[in-house]
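The data block below is start_25.pdb; it holds PDB, C-alpha atoms, pLDDT in the B column.
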```pdb
ATOM      1  CA  MET P 295     -18.106 -23.720   8.981  1.00 78.00           C
ATOM      2  CA  LYS P 296     -16.377 -23.036   5.665  1.00 91.00           C
ATOM      3  CA  ILE P 297     -15.695 -19.374   4.920  1.00 96.00           C
ATOM      4  CA  ASP P 298     -14.958 -18.620   1.272  1.00 97.00           C
ATOM      5  CA  VAL P 299     -12.995 -15.466   0.384  1.00 97.00           C
ATOM      6  CA  LEU P 300     -13.218 -14.588  -3.295  1.00 97.00           C
ATOM      7  CA  VAL P 301     -13.410 -11.839  -5.891  1.00 97.00           C
ATOM      8  CA  ALA P 302     -17.003 -10.565  -5.854  1.00 97.00           C
ATOM      9  CA  SER P 303     -19.090 -10.756  -9.019  1.00 96.00           C
ATOM     10  CA  GLU P 304     -22.564  -9.745 -10.168  1.00 96.00           C
ATOM     11  CA  LYS P 305     -24.077 -12.753  -8.407  1.00 96.00           C
ATOM     12  CA  HIS P 306     -23.113 -11.051  -5.121  1.00 97.00           C
ATOM     13  CA  LEU P 307     -25.016  -7.804  -5.754  1.00 97.00           C
ATOM     14  CA  SER P 308     -27.753  -8.895  -3.362  1.00 96.00           C
ATOM     15  CA  TYR P 309     -25.292  -8.278  -0.490  1.00 96.00           C
ATOM     16  CA  VAL P 310     -24.742  -4.553  -1.217  1.00 95.00           C
ATOM     17  CA  GLU P 311     -27.198  -3.290   1.435  1.00 93.00           C
ATOM     18  CA  LYS P 312     -25.755  -5.661   4.065  1.00 93.00           C
ATOM     19  CA  ILE P 313     -22.224  -4.484   3.228  1.00 92.00           C
ATOM     20  CA  ASN P 314     -23.091  -0.813   3.679  1.00 88.00           C
ATOM     21  CA  ASP P 315     -25.056  -1.500   6.866  1.00 88.00           C
ATOM     22  CA  ALA P 316     -22.064  -3.405   8.279  1.00 88.00           C
ATOM     23  CA  ILE P 317     -19.764  -0.452   7.456  1.00 83.00           C
ATOM     24  CA  ASP P 318     -22.183   1.944   9.199  1.00 80.00           C
ATOM     25  CA  GLU P 319     -22.482  -0.221  12.303  1.00 81.00           C
ATOM     26  CA  ALA P 320     -18.694  -0.577  12.592  1.00 77.00           C
ATOM     27  CA  ALA P 321     -18.215   3.190  12.269  1.00 71.00           C
ATOM     28  CA  LYS P 322     -20.758   3.849  15.042  1.00 72.00           C
ATOM     29  CA  ALA P 323     -19.244   1.202  17.315  1.00 69.00           C
ATOM     30  CA  ARG P 324     -15.713   2.580  16.913  1.00 63.00           C
ATOM     31  CA  GLY P 325     -16.732   6.221  17.086  1.00 58.00           C
ATOM     32  CA  THR P 326     -14.150   6.827  14.379  1.00 54.00           C
ATOM     33  CA  GLY P 327     -14.451   7.131  10.681  1.00 52.00           C
ATOM     34  CA  ILE P 328     -15.270   4.550   8.137  1.00 60.00           C
ATOM     35  CA  ALA P 329     -16.745   6.563   5.306  1.00 63.00           C
ATOM     36  CA  ARG P 330     -20.067   5.163   4.065  1.00 67.00           C
ATOM     37  CA  ARG P 331     -20.334   4.772   0.306  1.00 78.00           C
ATOM     38  CA  THR P 332     -23.523   4.772  -1.698  1.00 85.00           C
ATOM     39  CA  ASN P 333     -25.050   1.448  -2.685  1.00 91.00           C
ATOM     40  CA  GLU P 334     -24.333   2.417  -6.303  1.00 94.00           C
ATOM     41  CA  TYR P 335     -20.646   2.871  -5.479  1.00 90.00           C
ATOM     42  CA  ILE P 336     -20.360  -0.583  -3.876  1.00 93.00           C
ATOM     43  CA  THR P 337     -22.335  -2.080  -6.774  1.00 96.00           C
ATOM     44  CA  ASP P 338     -19.923  -0.499  -9.254  1.00 96.00           C
ATOM     45  CA  LYS P 339     -16.897  -1.998  -7.485  1.00 95.00           C
ATOM     46  CA  ILE P 340     -18.465  -5.472  -7.564  1.00 96.00           C
ATOM     47  CA  VAL P 341     -19.431  -5.222 -11.253  1.00 96.00           C
ATOM     48  CA  GLN P 342     -15.897  -4.067 -12.155  1.00 95.00           C
ATOM     49  CA  GLY P 343     -14.333  -7.062 -10.390  1.00 95.00           C
ATOM     50  CA  LYS P 344     -12.675  -4.759  -7.848  1.00 96.00           C
ATOM     51  CA  ALA P 345     -14.091  -6.198  -4.647  1.00 97.00           C
ATOM     52  CA  ILE P 346     -13.477  -9.120  -2.313  1.00 97.00           C
ATOM     53  CA  ILE P 347     -16.315 -10.795  -0.442  1.00 98.00           C
ATOM     54  CA  ALA P 348     -16.282 -13.437   2.291  1.00 98.00           C
ATOM     55  CA  LEU P 349     -19.224 -15.783   2.709  1.00 97.00           C
ATOM     56  CA  ASN P 350     -20.193 -18.648   4.976  1.00 96.00           C
ATOM     57  CA  GLY P 351     -22.470 -20.473   2.576  1.00 95.00           C
ATOM     58  CA  CYS P 352     -24.995 -17.723   1.705  1.00 94.00           C
ATOM     59  CA  GLU P 353     -24.317 -15.699   4.854  1.00 96.00           C
ATOM     60  CA  PHE P 354     -22.391 -12.406   4.537  1.00 96.00           C
ATOM     61  CA  VAL P 355     -19.104 -12.476   6.443  1.00 96.00           C
ATOM     62  CA  GLY P 356     -16.892  -9.656   5.140  1.00 96.00           C
ATOM     63  CA  PHE P 357     -15.944  -7.317   2.326  1.00 96.00           C
ATOM     64  CA  CYS P 358     -13.273  -5.029   0.900  1.00 93.00           C
ATOM     65  CA  TYR P 359     -12.893  -3.138  -2.394  1.00 93.00           C
ATOM     66  CA  ILE P 360     -10.060  -1.599  -4.395  1.00 93.00           C
ATOM     67  CA  GLU P 361      -9.969   1.786  -6.057  1.00 90.00           C
ATOM     68  CA  SER P 362      -7.330   3.430  -8.247  1.00 90.00           C
ATOM     69  CA  TRP P 363      -6.331   7.082  -7.969  1.00 89.00           C
ATOM     70  CA  GLY P 364      -3.960   9.491  -9.706  1.00 85.00           C
ATOM     71  CA  HIS P 365      -4.276   7.824 -13.143  1.00 83.00           C
ATOM     72  CA  GLY P 366      -3.595   4.374 -11.685  1.00 86.00           C
ATOM     73  CA  ASN P 367      -0.406   5.390  -9.838  1.00 91.00           C
ATOM     74  CA  PHE P 368      -2.043   4.738  -6.472  1.00 93.00           C
ATOM     75  CA  VAL P 369      -4.432   1.993  -5.375  1.00 94.00           C
ATOM     76  CA  ALA P 370      -6.346   1.829  -2.099  1.00 90.00           C
ATOM     77  CA  ASN P 371      -7.903  -1.222  -0.440  1.00 87.00           C
ATOM     78  CA  SER P 372     -10.881   0.299   1.339  1.00 84.00           C
ATOM     79  CA  GLY P 373     -14.057  -0.534   3.206  1.00 83.00           C
ATOM     80  CA  LEU P 374     -12.602  -3.582   4.961  1.00 87.00           C
ATOM     81  CA  ILE P 375     -15.359  -4.977   7.126  1.00 90.00           C
ATOM     82  CA  VAL P 376     -16.012  -8.269   8.932  1.00 92.00           C
ATOM     83  CA  HIS P 377     -19.409  -9.099  10.456  1.00 92.00           C
ATOM     84  CA  PRO P 378     -19.120  -9.086  14.287  1.00 90.00           C
ATOM     85  CA  ALA P 379     -20.126 -12.770  14.484  1.00 92.00           C
ATOM     86  CA  TYR P 380     -17.041 -13.737  12.472  1.00 94.00           C
ATOM     87  CA  ARG P 381     -14.390 -11.566  14.063  1.00 90.00           C
ATOM     88  CA  GLY P 382     -11.358 -13.182  15.659  1.00 90.00           C
ATOM     89  CA  LEU P 383     -11.222 -15.972  13.059  1.00 94.00           C
ATOM     90  CA  GLY P 384      -8.566 -14.441  10.779  1.00 93.00           C
ATOM     91  CA  VAL P 385     -11.137 -13.430   8.146  1.00 95.00           C
ATOM     92  CA  ALA P 386      -9.926  -9.811   7.916  1.00 92.00           C
ATOM     93  CA  LYS P 387      -6.404 -11.005   7.159  1.00 93.00           C
ATOM     94  CA  ARG P 388      -7.659 -13.337   4.417  1.00 96.00           C
ATOM     95  CA  ILE P 389      -9.795 -10.589   2.836  1.00 96.00           C
ATOM     96  CA  LYS P 390      -6.947  -8.070   2.982  1.00 94.00           C
ATOM     97  CA  LYS P 391      -4.512 -10.568   1.432  1.00 95.00           C
ATOM     98  CA  GLU P 392      -6.931 -11.299  -1.434  1.00 96.00           C
ATOM     99  CA  ALA P 393      -7.478  -7.557  -1.981  1.00 95.00           C
ATOM    100  CA  PHE P 394      -3.697  -7.059  -1.992  1.00 95.00           C
ATOM    101  CA  GLU P 395      -3.200  -9.804  -4.593  1.00 95.00           C
ATOM    102  CA  LEU P 396      -6.056  -8.457  -6.739  1.00 96.00           C
ATOM    103  CA  SER P 397      -4.572  -4.938  -6.573  1.00 95.00           C
ATOM    104  CA  ARG P 398      -1.101  -6.192  -7.566  1.00 94.00           C
ATOM    105  CA  LYS P 399      -2.616  -8.145 -10.465  1.00 94.00           C
ATOM    106  CA  LYS P 400      -4.728  -5.274 -11.808  1.00 93.00           C
ATOM    107  CA  PHE P 401      -2.223  -2.475 -11.078  1.00 94.00           C
ATOM    108  CA  PRO P 402       1.267  -4.091 -10.899  1.00 94.00           C
ATOM    109  CA  THR P 403       3.260  -0.826 -10.832  1.00 93.00           C
ATOM    110  CA  ALA P 404       0.946   1.189  -8.547  1.00 95.00           C
ATOM    111  CA  LYS P 405       1.696   2.125  -4.951  1.00 95.00           C
ATOM    112  CA  LEU P 406      -0.855   0.546  -2.636  1.00 95.00           C
ATOM    113  CA  PHE P 407      -2.009   2.713   0.237  1.00 92.00           C
ATOM    114  CA  GLY P 408      -4.558   2.891   2.967  1.00 86.00           C
ATOM    115  CA  LEU P 409      -5.864   5.002   5.825  1.00 85.00           C
ATOM    116  CA  THR P 410      -6.931   3.211   8.966  1.00 83.00           C
ATOM    117  CA  THR P 411      -7.616   3.702  12.661  1.00 79.00           C
ATOM    118  CA  GLY P 412      -7.610  -0.048  13.314  1.00 79.00           C
ATOM    119  CA  GLU P 413      -4.637  -1.690  14.999  1.00 85.00           C
ATOM    120  CA  GLN P 414      -5.466  -5.068  13.428  1.00 83.00           C
ATOM    121  CA  VAL P 415      -5.488  -3.570   9.906  1.00 85.00           C
ATOM    122  CA  MET P 416      -2.116  -1.910  10.627  1.00 90.00           C
ATOM    123  CA  ARG P 417      -0.673  -5.286  11.650  1.00 91.00           C
ATOM    124  CA  ILE P 418      -2.071  -6.960   8.519  1.00 90.00           C
ATOM    125  CA  ASN P 419      -0.731  -4.157   6.300  1.00 91.00           C
ATOM    126  CA  THR P 420       2.708  -4.446   7.918  1.00 92.00           C
ATOM    127  CA  SER P 421       2.770  -8.203   7.240  1.00 92.00           C
ATOM    128  CA  LEU P 422       2.052  -7.452   3.549  1.00 92.00           C
ATOM    129  CA  GLY P 423       4.940  -4.974   3.305  1.00 92.00           C
ATOM    130  CA  TYR P 424       3.174  -1.649   3.929  1.00 93.00           C
ATOM    131  CA  VAL P 425       5.004   1.047   5.921  1.00 94.00           C
ATOM    132  CA  PRO P 426       3.569   4.073   7.798  1.00 93.00           C
ATOM    133  CA  VAL P 427       3.978   7.369   5.918  1.00 93.00           C
ATOM    134  CA  THR P 428       2.863  10.986   6.139  1.00 91.00           C
ATOM    135  CA  PHE P 429      -0.270  12.030   4.261  1.00 90.00           C
ATOM    136  CA  ALA P 430       1.991  13.933   1.820  1.00 87.00           C
ATOM    137  CA  LYS P 431       3.156  10.550   0.457  1.00 89.00           C
ATOM    138  CA  LEU P 432      -0.388   9.625  -0.593  1.00 88.00           C
ATOM    139  CA  THR P 433      -2.260  10.536  -3.746  1.00 86.00           C
ATOM    140  CA  ASP P 434      -3.177  14.187  -4.244  1.00 85.00           C
ATOM    141  CA  ASP P 435      -6.266  13.114  -6.194  1.00 84.00           C
ATOM    142  CA  GLU P 436      -9.068  15.345  -4.872  1.00 84.00           C
ATOM    143  CA  GLN P 437     -11.660  12.664  -5.560  1.00 82.00           C
ATOM    144  CA  PHE P 438      -9.984  10.363  -3.043  1.00 83.00           C
ATOM    145  CA  TRP P 439      -9.989  13.006  -0.306  1.00 84.00           C
ATOM    146  CA  ASN P 440     -13.603  13.881  -1.107  1.00 81.00           C
ATOM    147  CA  GLY P 441     -14.427  10.340   0.003  1.00 76.00           C
ATOM    148  CA  CYS P 442     -13.394  11.352   3.534  1.00 82.00           C
ATOM    149  CA  LYS P 443     -16.194  13.922   3.741  1.00 80.00           C
ATOM    150  CA  SER P 444     -18.689  11.401   5.084  1.00 74.00           C
ATOM    151  CA  CYS P 445     -16.290  10.478   7.922  1.00 79.00           C
ATOM    152  CA  VAL P 446     -17.059  11.836  11.405  1.00 80.00           C
ATOM    153  CA  ASN P 447     -13.463  13.090  11.678  1.00 83.00           C
ATOM    154  CA  TYR P 448     -13.402  15.094   8.440  1.00 86.00           C
ATOM    155  CA  ASP P 449     -13.217  18.388  10.383  1.00 89.00           C
ATOM    156  CA  ILE P 450      -9.827  17.293  11.811  1.00 89.00           C
ATOM    157  CA  LEU P 451      -8.537  16.669   8.291  1.00 89.00           C
ATOM    158  CA  GLN P 452      -9.728  20.125   7.223  1.00 89.00           C
ATOM    159  CA  ARG P 453      -8.203  21.868  10.258  1.00 92.00           C
ATOM    160  CA  THR P 454      -4.810  20.300   9.546  1.00 91.00           C
ATOM    161  CA  ASN P 455      -4.929  21.301   5.865  1.00 88.00           C
ATOM    162  CA  MET P 456      -5.232  17.621   4.808  1.00 85.00           C
ATOM    163  CA  THR P 457      -1.908  16.711   6.471  1.00 88.00           C
ATOM    164  CA  LYS P 458      -3.121  14.525   9.358  1.00 87.00           C
ATOM    165  CA  CYS P 459      -6.139  12.968  11.006  1.00 88.00           C
ATOM    166  CA  LEU P 460      -6.917  10.103  13.399  1.00 85.00           C
ATOM    167  CA  CYS P 461      -6.110   7.626  10.625  1.00 87.00           C
ATOM    168  CA  THR P 462      -2.618   6.247  10.031  1.00 89.00           C
ATOM    169  CA  ALA P 463      -1.446   6.338   6.409  1.00 90.00           C
ATOM    170  CA  MET P 464       0.384   3.254   5.106  1.00 93.00           C
ATOM    171  CA  VAL P 465       1.963   2.545   1.707  1.00 94.00           C
ATOM    172  CA  TYR P 466       3.262  -0.512  -0.158  1.00 95.00           C
ATOM    173  CA  ASP P 467       5.680   0.594  -2.898  1.00 94.00           C
ATOM    174  CA  PRO P 468       6.413  -2.250  -5.376  1.00 93.00           C
ATOM    175  CA  GLU P 469       9.725  -0.633  -6.413  1.00 91.00           C
ATOM    176  CA  VAL P 470      10.965  -0.427  -2.830  1.00 89.00           C
ATOM    177  CA  ALA P 471       9.751  -3.991  -2.175  1.00 87.00           C
ATOM    178  CA  ALA P 472      11.592  -5.279  -5.262  1.00 87.00           C
ATOM    179  CA  LYS P 473      14.842  -3.572  -4.170  1.00 86.00           C
ATOM    180  CA  LYS P 474      14.560  -5.058  -0.680  1.00 82.00           C
ATOM    181  CA  GLU P 475      13.973  -8.490  -2.180  1.00 80.00           C
ATOM    182  CA  SER P 476      17.012  -8.205  -4.474  1.00 80.00           C
ATOM    183  CA  LYS P 477      19.269  -7.205  -1.552  1.00 79.00           C
ATOM    184  CA  LYS P 478      18.405 -10.289   0.465  1.00 72.00           C
ATOM    185  CA  GLU P 479      21.365 -12.639   0.756  1.00 61.00           C
ATOM    186  CA  PRO P 480      20.924 -16.063  -0.822  1.00 61.00           C
ATOM    187  CA  PRO P 481      20.505 -18.787   1.805  1.00 59.00           C
ATOM    188  CA  LYS P 482      23.823 -20.182   3.042  1.00 59.00           C
ATOM    189  CA  ARG P 483      24.589 -23.730   1.982  1.00 60.00           C
ATOM    190  CA  SER P 484      24.994 -26.309   4.664  1.00 58.00           C
ATOM    191  CA  VAL P 485      28.380 -27.960   5.205  1.00 55.00           C
ATOM    192  CA  LEU P 486      27.054 -31.051   3.402  1.00 54.00           C
ATOM    193  CA  GLY P 487      25.847 -28.882   0.503  1.00 58.00           C
ATOM    194  CA  ARG P 488      29.281 -27.252   0.149  1.00 57.00           C
ATOM    195  CA  LEU P 489      31.024 -30.651   0.223  1.00 55.00           C
ATOM    196  CA  LEU P 490      28.669 -32.062  -2.421  1.00 55.00           C
ATOM    197  CA  LYS P 491      29.337 -29.049  -4.667  1.00 58.00           C
ATOM    198  CA  LYS P 492      33.084 -29.744  -4.534  1.00 56.00           C
ATOM    199  CA  ILE P 493      32.613 -33.382  -5.629  1.00 55.00           C
TER
END
```

Encoding of this model in structure tokens:
Amino acid sequence: MKIDVLVASEKHLSYVEKINDAIDEAAKARGTGIARRTNEYITDKIVQGKAIIALNGCEFVGFCYIESWGHGNFVANSGLIVHPAYRGLGVAKRIKKEAFELSRKKFPTAKLFGLTTGEQVMRINTSLGYVPVTFAKLTDDEQFWNGCKSCVNYDILQRTNMTKCLCTAMVYDPEVAAKKESKKEPPKRSVLGRLLKKI
């Protein structure tokens, strides 16, 4: 079995229905919200080069797409899904990493964020440098929050005046990440290395 994880293109449009069905099935199984998108929405992401797909030959394995909000200041990796037959193989991590790299390439200065109820996604996000934040730290773009309307938990979001829900909010800030990187101490030279430098 060889699973390929790559940026989706127009040749992958035949998978749109399977992608949306997989999102629906996962939402029902969890009993928590993964908002279904229209087939046109998923198609648009693929055509724009803003989606990652995983395939085992011609068989659908997984998917994720990126979307920008607030005039490109925020980017979300959304709709992460792995077909049940391929779970537990590290596919979600590979898809998320590719989506992260694609987001950084297309929107290098944007804050990357996500909402999730999944523990595995939280672990993956943490490994990529995301940190948990309050909803106030996310985009205030109404269009983004409108996307939550098809989620079964939308009433909770409304009751809390859009401040909390069952999802955990996580953000990767490239400025903060760059500062952390610059503060890291250079690796200490070994005794041999220090002696060689003196020679």

> Is there a way to get, as JSON, numbers by chain, all residues within 6 Å of the point (-18.9, -4.0, 7.1) in file coordinates, counting all atoms listed in the file?
Replying inline: {"P": [313, 316, 317, 375, 376]}

> Exactly which residues make up the result of the PyMOL selection byres ((chain P and resi 346) around 9) on this file, given as a ChimeraX atom specification?
Replying inline: /P:299-303,340,343-345,347-348,356-360,389-390,392-393,396

>> Report as a PyMOL selection string all protein, DNA and RNA residues lying within 12 Å of segment 452-454 of chain P, evaluated on all atoms listed in the file, omitting residues in the same chain fewer than 6 positions from it.
In response: chain P and resi 429+439-440+442-443+445-446+460

Cut-off 7 Å around (5.6, 0.8, 3.2) with only C-alpha atoms: residues as a PDB file with C-alpha atoms, in the coordinates of the input:
```
ATOM      1  CA  GLY P 423       4.940  -4.974   3.305  1.00 92.00           C
ATOM      2  CA  TYR P 424       3.174  -1.649   3.929  1.00 93.00           C
ATOM      3  CA  VAL P 425       5.004   1.047   5.921  1.00 94.00           C
ATOM      4  CA  PRO P 426       3.569   4.073   7.798  1.00 93.00           C
ATOM      5  CA  MET P 464       0.384   3.254   5.106  1.00 93.00           C
ATOM      6  CA  VAL P 465       1.963   2.545   1.707  1.00 94.00           C
ATOM      7  CA  TYR P 466       3.262  -0.512  -0.158  1.00 95.00           C
ATOM      8  CA  ASP P 467       5.680   0.594  -2.898  1.00 94.00           C
TER       9      ASP P 467
END
```

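Neighbours of segment 408-413 of chain P closer than or equal to 8 Å, with all atoms listed in the file counted and sequence neighbours fewer than 2 positions away skipped, come out as Thr326, Gly327, Ala370, Asn371, Ser372, Leu406, Val415, Met416, Arg417, Leu460, Cys461, Thr462, Ala463, Met464 and Val465 of chain P.
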